Each structure stands twice: as structure tokens, then as C-alpha cells.
>>> print(open('coords25.cif').read())   # mmCIF, C-alpha atoms and all ligand atoms
data_my_file
#
loop_
_atom_site.label_atom_id
_atom_site.label_comp_id
_atom_site.auth_asym_id
_atom_site.auth_seq_id
_atom_site.Cartn_x
_atom_site.Cartn_y
_atom_site.Cartn_z
CA ILE A 1044 -130.08 -159.03 -13.22
CA ASN A 1045 -129.84 -157.68 -16.73
CA PRO A 1046 -126.89 -159.50 -18.36
CA ASN A 1047 -126.10 -156.43 -20.42
CA LYS A 1048 -125.69 -154.39 -17.27
CA VAL A 1049 -123.12 -156.60 -15.63
CA GLU A 1050 -119.71 -155.00 -15.73
CA PHE A 1051 -116.24 -155.91 -14.66
CA MET A 1052 -114.98 -152.98 -12.58
CA ILE A 1053 -111.47 -153.50 -11.29
CA SER A 1054 -108.82 -155.96 -10.14
CA ALA A 1055 -107.63 -154.76 -6.76
CA VAL A 1056 -104.93 -155.82 -4.34
CA SER A 1057 -105.45 -153.16 -1.66
CA ASP A 1058 -108.18 -150.95 -0.25
CA ALA A 1059 -107.02 -147.86 -2.12
CA GLN A 1060 -108.12 -149.66 -5.29
CA TYR A 1061 -111.51 -150.91 -4.10
CA PRO A 1062 -114.32 -149.23 -6.01
CA ASP A 1063 -116.30 -146.49 -4.33
CA THR A 1064 -120.01 -147.20 -4.72
CA PRO A 1065 -122.96 -147.23 -2.31
CA LEU A 1066 -123.67 -150.86 -3.26
CA LYS A 1067 -123.27 -153.84 -0.97
CA GLU A 1068 -120.75 -156.51 -1.77
CA ILE A 1069 -121.02 -160.29 -1.87
CA ALA A 1070 -117.65 -162.05 -1.91
CA LEU A 1071 -117.04 -165.49 -3.40
CA SER A 1072 -114.67 -167.74 -1.57
CA GLY A 1073 -113.54 -171.29 -2.12
CA ARG A 1074 -110.62 -173.39 -3.16
CA SER A 1075 -108.99 -172.89 -6.48
CA ASN A 1076 -110.97 -174.51 -9.31
CA VAL A 1077 -114.18 -174.92 -7.27
CA GLY A 1078 -116.14 -172.80 -9.76
CA LYS A 1079 -116.17 -169.23 -8.41
CA SER A 1080 -115.78 -167.52 -11.77
CA SER A 1081 -118.30 -169.88 -13.36
CA PHE A 1082 -120.72 -168.99 -10.57
CA ILE A 1083 -120.37 -165.29 -11.36
CA ASN A 1084 -121.03 -166.01 -15.02
CA SER A 1085 -124.14 -168.04 -14.13
CA VAL A 1086 -125.61 -165.30 -11.97
CA SER A 1087 -124.70 -162.72 -14.64
CA GLY A 1088 -126.33 -164.63 -17.44
CA ARG A 1089 -123.08 -163.99 -19.31
CA LYS A 1090 -120.77 -166.63 -20.69
CA ASN A 1091 -117.48 -164.97 -20.09
CA ILE A 1092 -117.69 -161.92 -17.88
CA ALA A 1093 -115.51 -163.68 -15.28
CA ARG A 1094 -112.61 -165.53 -16.79
CA ILE A 1095 -112.80 -169.26 -16.28
CA SER A 1096 -109.38 -170.69 -15.74
CA SER A 1097 -107.98 -173.59 -17.61
CA LYS A 1098 -105.15 -173.45 -15.11
CA PRO A 1099 -106.12 -173.29 -11.43
CA GLY A 1100 -104.85 -170.42 -9.32
CA LYS A 1101 -105.26 -167.86 -12.08
CA THR A 1102 -107.30 -165.36 -10.11
CA VAL A 1103 -104.78 -163.61 -7.87
CA THR A 1104 -106.49 -160.28 -7.27
CA LEU A 1105 -109.84 -159.25 -5.83
CA ASN A 1106 -112.02 -158.82 -8.91
CA PHE A 1107 -115.02 -156.53 -8.55
CA TYR A 1108 -118.11 -156.89 -10.75
CA ASN A 1109 -121.02 -154.48 -10.84
CA MET A 1110 -124.14 -156.61 -10.99
CA ASP A 1111 -126.64 -154.37 -12.72
CA GLU A 1112 -126.25 -151.67 -10.01
CA LYS A 1113 -127.90 -154.06 -7.52
CA PHE A 1114 -124.77 -155.27 -5.75
CA LEU A 1115 -121.10 -156.01 -6.40
CA PHE A 1116 -119.61 -159.47 -6.66
CA VAL A 1117 -116.06 -159.79 -5.41
CA ASP A 1118 -114.19 -162.76 -6.84
CA VAL A 1119 -111.63 -163.76 -4.25
CA PRO A 1120 -108.60 -165.77 -5.41
CA GLY A 1121 -108.95 -169.44 -4.56
CA TYR A 1122 -107.06 -170.97 -1.69
CA GLY A 1123 -105.31 -174.31 -1.52
CA TYR A 1124 -103.42 -173.91 -4.74
CA ALA A 1125 -100.43 -176.21 -4.26
CA LYS A 1126 -98.03 -174.44 -6.60
CA GLN A 1127 -98.12 -171.23 -4.60
CA SER A 1128 -94.96 -170.38 -2.71
CA LYS A 1129 -95.04 -169.62 1.01
CA LYS A 1130 -94.44 -165.97 0.28
CA GLU A 1131 -97.32 -165.84 -2.21
CA ARG A 1132 -99.59 -167.56 0.30
CA GLU A 1133 -98.73 -164.99 2.98
CA LYS A 1134 -99.41 -162.12 0.60
CA TRP A 1135 -102.71 -163.76 -0.37
CA GLY A 1136 -103.67 -164.19 3.30
CA LYS A 1137 -103.00 -160.56 4.14
CA MET A 1138 -104.98 -159.27 1.18
CA ILE A 1139 -108.03 -161.46 1.92
CA GLU A 1140 -107.90 -160.74 5.62
CA ALA A 1141 -107.78 -157.00 5.06
CA TYR A 1142 -110.78 -157.18 2.77
CA LEU A 1143 -112.88 -159.51 4.93
CA THR A 1144 -112.27 -157.72 8.21
CA ASP A 1145 -112.27 -154.05 7.16
CA ARG A 1146 -114.64 -153.75 4.24
CA LYS A 1147 -117.82 -152.02 5.41
CA GLU A 1148 -119.68 -152.79 2.17
CA LEU A 1149 -119.20 -156.55 2.57
CA SER A 1150 -122.59 -158.02 3.49
CA CYS A 1151 -122.17 -161.74 2.90
CA VAL A 1152 -119.76 -164.38 1.65
CA VAL A 1153 -120.83 -167.14 -0.69
CA GLN A 1154 -118.54 -170.02 0.17
CA LEU A 1155 -118.28 -172.57 -2.60
CA ILE A 1156 -117.57 -176.22 -1.92
CA ASP A 1157 -117.31 -178.96 -4.56
CA ILE A 1158 -120.29 -181.20 -3.82
CA ARG A 1159 -118.28 -184.32 -4.69
CA HIS A 1160 -115.71 -183.87 -1.96
CA LYS A 1161 -115.52 -183.56 1.78
CA PRO A 1162 -114.66 -180.00 2.83
CA SER A 1163 -110.89 -179.52 2.99
CA GLU A 1164 -109.06 -178.20 6.03
CA ASP A 1165 -108.89 -174.83 4.25
CA ASP A 1166 -112.66 -174.87 3.66
CA ILE A 1167 -113.25 -175.46 7.36
CA LEU A 1168 -110.74 -172.78 8.36
CA MET A 1169 -112.38 -170.26 6.05
CA TYR A 1170 -115.86 -171.05 7.34
CA ASP A 1171 -114.71 -170.73 10.96
CA TYR A 1172 -112.94 -167.49 10.14
CA LEU A 1173 -116.10 -165.98 8.64
CA LYS A 1174 -118.15 -167.10 11.63
CA HIS A 1175 -115.58 -165.62 13.99
CA PHE A 1176 -115.97 -162.22 12.35
CA GLU A 1177 -119.75 -162.66 12.21
CA ILE A 1178 -119.86 -162.43 8.44
CA PRO A 1179 -123.01 -164.11 7.06
CA VAL A 1180 -122.27 -167.15 4.90
CA ILE A 1181 -124.22 -168.92 2.18
CA VAL A 1182 -122.67 -172.27 1.30
CA VAL A 1183 -123.09 -173.18 -2.36
CA CYS A 1184 -122.12 -176.73 -3.35
CA THR A 1185 -120.83 -176.56 -6.91
CA LYS A 1186 -120.70 -179.07 -9.76
CA SER A 1187 -123.93 -180.78 -8.67
CA ASP A 1188 -124.29 -182.02 -12.26
CA LYS A 1189 -121.37 -184.35 -11.51
CA ILE A 1190 -123.18 -186.55 -9.00
CA SER A 1191 -126.42 -188.51 -9.29
CA LYS A 1192 -129.54 -187.09 -7.74
CA ASN A 1193 -129.91 -189.91 -5.22
CA LYS A 1194 -126.41 -189.31 -3.87
CA MET A 1195 -127.07 -185.61 -3.29
CA PRO A 1196 -128.60 -185.76 0.24
CA GLN A 1197 -125.69 -187.80 1.62
CA HIS A 1198 -123.09 -185.42 0.15
CA LEU A 1199 -124.93 -182.39 1.53
CA LYS A 1200 -125.13 -184.06 4.94
CA VAL A 1201 -121.37 -184.67 5.04
CA ILE A 1202 -120.63 -181.07 4.06
CA ARG A 1203 -123.08 -179.71 6.64
CA GLU A 1204 -121.57 -181.90 9.37
CA ASP A 1205 -117.92 -181.32 8.52
CA LEU A 1206 -118.33 -177.54 8.42
CA GLU A 1207 -120.53 -177.70 11.54
CA LEU A 1208 -122.99 -175.39 9.83
CA GLU A 1209 -125.33 -173.42 12.01
CA GLU A 1210 -129.05 -174.12 11.57
CA THR A 1211 -129.55 -170.74 9.96
CA ASP A 1212 -126.77 -171.19 7.36
CA GLN A 1213 -128.07 -172.04 3.94
CA LEU A 1214 -126.56 -174.91 1.98
CA ILE A 1215 -127.55 -174.96 -1.69
CA PRO A 1216 -126.49 -177.45 -4.36
CA PHE A 1217 -125.71 -175.70 -7.62
CA SER A 1218 -124.42 -176.35 -11.11
CA SER A 1219 -123.04 -173.81 -13.53
CA VAL A 1220 -123.65 -176.30 -16.31
CA ASP A 1221 -127.43 -176.72 -15.93
CA LYS A 1222 -127.97 -173.67 -13.62
CA LYS A 1223 -129.98 -175.87 -11.28
CA ASN A 1224 -131.14 -173.96 -8.17
CA LEU A 1225 -130.15 -170.57 -9.54
CA PRO A 1226 -133.44 -169.10 -8.20
CA GLN A 1227 -132.67 -170.46 -4.70
CA VAL A 1228 -129.20 -168.93 -4.84
CA MET A 1229 -130.58 -165.57 -5.99
CA SER A 1230 -133.19 -165.56 -3.27
CA ALA A 1231 -130.63 -166.42 -0.58
CA MET A 1232 -128.37 -163.58 -1.76
CA SER A 1233 -131.20 -161.07 -2.07
CA GLU A 1234 -131.43 -160.98 1.72
CA PHE A 1235 -128.04 -159.32 1.78
CA ILE A 1236 -128.32 -156.67 -0.91
P1 LIG A 1301 -109.73 -170.08 -9.70
O1 LIG A 1301 -110.03 -168.76 -10.30
O2 LIG A 1301 -108.52 -170.74 -10.26
O3 LIG A 1301 -109.69 -170.03 -8.20
O4 LIG A 1301 -110.93 -171.11 -10.08
P2 LIG A 1301 -112.50 -170.86 -9.97
O5 LIG A 1301 -112.97 -171.24 -8.61
O6 LIG A 1301 -112.87 -169.50 -10.44
O7 LIG A 1301 -113.09 -171.97 -10.96
P3 LIG A 1301 -113.64 -171.78 -12.46
O8 LIG A 1301 -114.98 -171.12 -12.45
O9 LIG A 1301 -112.59 -171.18 -13.28
O10 LIG A 1301 -113.90 -173.31 -12.87
C1 LIG A 1301 -112.89 -174.29 -12.82
C2 LIG A 1301 -113.26 -175.46 -13.73
O11 LIG A 1301 -114.44 -176.13 -13.24
C3 LIG A 1301 -113.58 -175.03 -15.16
O12 LIG A 1301 -113.11 -176.00 -16.03
C4 LIG A 1301 -115.11 -174.99 -15.19
O13 LIG A 1301 -115.65 -175.21 -16.45
C5 LIG A 1301 -115.46 -176.12 -14.23
N1 LIG A 1301 -116.77 -175.92 -13.56
C6 LIG A 1301 -117.14 -174.85 -12.82
N2 LIG A 1301 -118.40 -174.98 -12.33
C7 LIG A 1301 -118.85 -176.18 -12.78
C8 LIG A 1301 -120.09 -176.91 -12.62
O14 LIG A 1301 -121.04 -176.49 -11.96
N3 LIG A 1301 -120.17 -178.13 -13.23
C9 LIG A 1301 -119.15 -178.66 -13.96
N4 LIG A 1301 -119.33 -179.87 -14.50
N5 LIG A 1301 -117.98 -177.99 -14.14
C10 LIG A 1301 -117.82 -176.78 -13.56
MG MG A 1302 -111.68 -167.80 -10.89
#
>>> encode(input="coords25.cif", output="C-alpha cells")
Amino acid sequence: INPNKVEFMISAVSDAQYPDTPLKEIALSGRSNVGKSSFINSVSGRKNIARISSKPGKTVTLNFYNMDEKFLFVDVPGYGYAKQSKKEREKWGKMIEAYLTDRKELSCVVQLIDIRHKPSEDDILMYDYLKHFEIPVIVVCTKSDKISKNKMPQHLKVIREDLELEETDQLIPFSSVDKKNLPQVMSAMSEFI
């Protein structure tokens, strides 16, 4: 990926606004504040192409990024943001559902989970939902710089067990701070572009 050829394309809320390109799309899903935008920046090699929120719940549209004409990243607004009203949550659900179930270009979802915590109910629901629709999933465990190396295997084990990951599903610890395992993440995604 050439950092200079990464471009923000559009913020969309419905399919009429989705960009029209022949490229495949990789969507990022995860709870609010898990590090989705930071992940996009890490893969881009750009500091600020995706806005990192000081306040959680900032991303409320599907944000499309052209990754050097190789694929598109789709930043999906985070779930589990407590301050959202019921009506906002419903709107969110409909928008995500429409994208995940109807979008032909979607080839894979990178689901981000904070490595420090057990997967939430929403994380498990999202994973099951993706499996139900047979959408390939790569699980990336973010903020790996925040736990010690010797605690890593146990945390990964808990996440794998709680999500009931299939053998073939990849689980990769990652940190946007030190970019550890960026090559592994790139190689996992390259299967889908
Ligand atoms: P929403 O758009 O609100 O859903 O959040 P997001 O998932 O896009 O998270 P974002 O990338 O904005 O990061 C949230 C906070 O976590 C920011 O303060 C980031 O700096 C921090 N953060 C993200 N990734 C990492 C990481 O790998 N390590 C550490 N230490 N902090 C991280
Ligand atoms: Mg974000």
C-alpha cells in the first residue's frame, strides 16, 4: 500500500451513496473505541486518514477508503455505545444490516476485539451474524501493547473460546501503537482482495 495513494472516498448511509468501483471491500467492525479508525491508519501508513475519536461513537456513517486501488476499507460505526438512543440504535442496525447482507463487493469483515477484555455480548452477536451470512471473518485483537507478552496466549484463548471461533478463522493480536503483526494482518487480508 502506497500511503500517498490512500484516499477517503465518501461517508455513506445508504446504498445509493456507496462508491461504484470494481474493487473488493473489507469492512471493519467492533465496539466503539476498539481502534477501528486507528487500524485503518496503521494499514494506510498514514497518521490521520481515518479520524481517531477522542469521544467514542463519533463514526456514525459507513466511511469508504480507497486503499491504493487494491481494495476499499469500510469503517463501520462502532456498536455498544451507551449514549445512543433506541431510535439511533435501530437506524444503525438497519444501515449495517443492509450493507452486510446486500453488498456484493464485500469480501471479508475484520472484527476488532480489545485484547484486554472478554468479548462482549455485542461482539458475540456480530460474530454469529457474520457466520450466519457466511461472510469470512478475520478477528484482530487490538491494543496488544497494553498487555504483557506472557499474558497474550491466555487472552487469545479466552477470545477464541468465547466467540467459538472456527478452526479456519484467524485470530491476530495487533497494536496500532507499535504496528506489531501488521504483516500478518496484511497477509490475512490479501486472501480476500
Ligand atoms: P469509534 O469510531 O468511536 O467507533 O472508535 P474506533 O473503533 O474507530 O477507535 P479509534 O481508532 O478512534 O481509537 C479509540 C482510542 O483508542 C483512541 O484514543 C486511540 O488512540 C486508542 N487506540 C486505538 N488503537 C490502539 C492500540 O493499538 N493501542 C493503544 N494503546 N491505543 C489504541
Ligand atoms: Mg472510528
>>> atom_distance(input="coords25.cif", atom1="CA of Lys1189 (chain A)", atom2="atom O9 of ligand LIG 1301 (chain A)")
15.9 Å
>>> residues_near_ligand(input="coords25.cif", ligand="ligand LIG 1301 (chain A)", cutoff="10 Å", atoms="only C-alpha atoms and all ligand atoms", output="PyMOL selection string")
chain A and resi 1071-1085+1093-1104+1118-1124+1155-1158+1184-1190+1216-1223
>>> atom_distance(input="coords25.cif", atom1="CA of Val1182 (chain A)", atom2="CA of His1198 (chain A)")
13.2 Å
>>> atom_distance(input="coords25.cif", atom1="CA of Met1138 (chain A)", atom2="CA of Ile1053 (chain A)")
15.2 Å
>>> closest_residue(input="coords25.cif", among="A:Lys1067, A:Asp1166, A:Gln1060, A:Ile1092", to="ligand MG 1302 (chain A)", atoms="all atoms listed in the file")
A:Ile1092
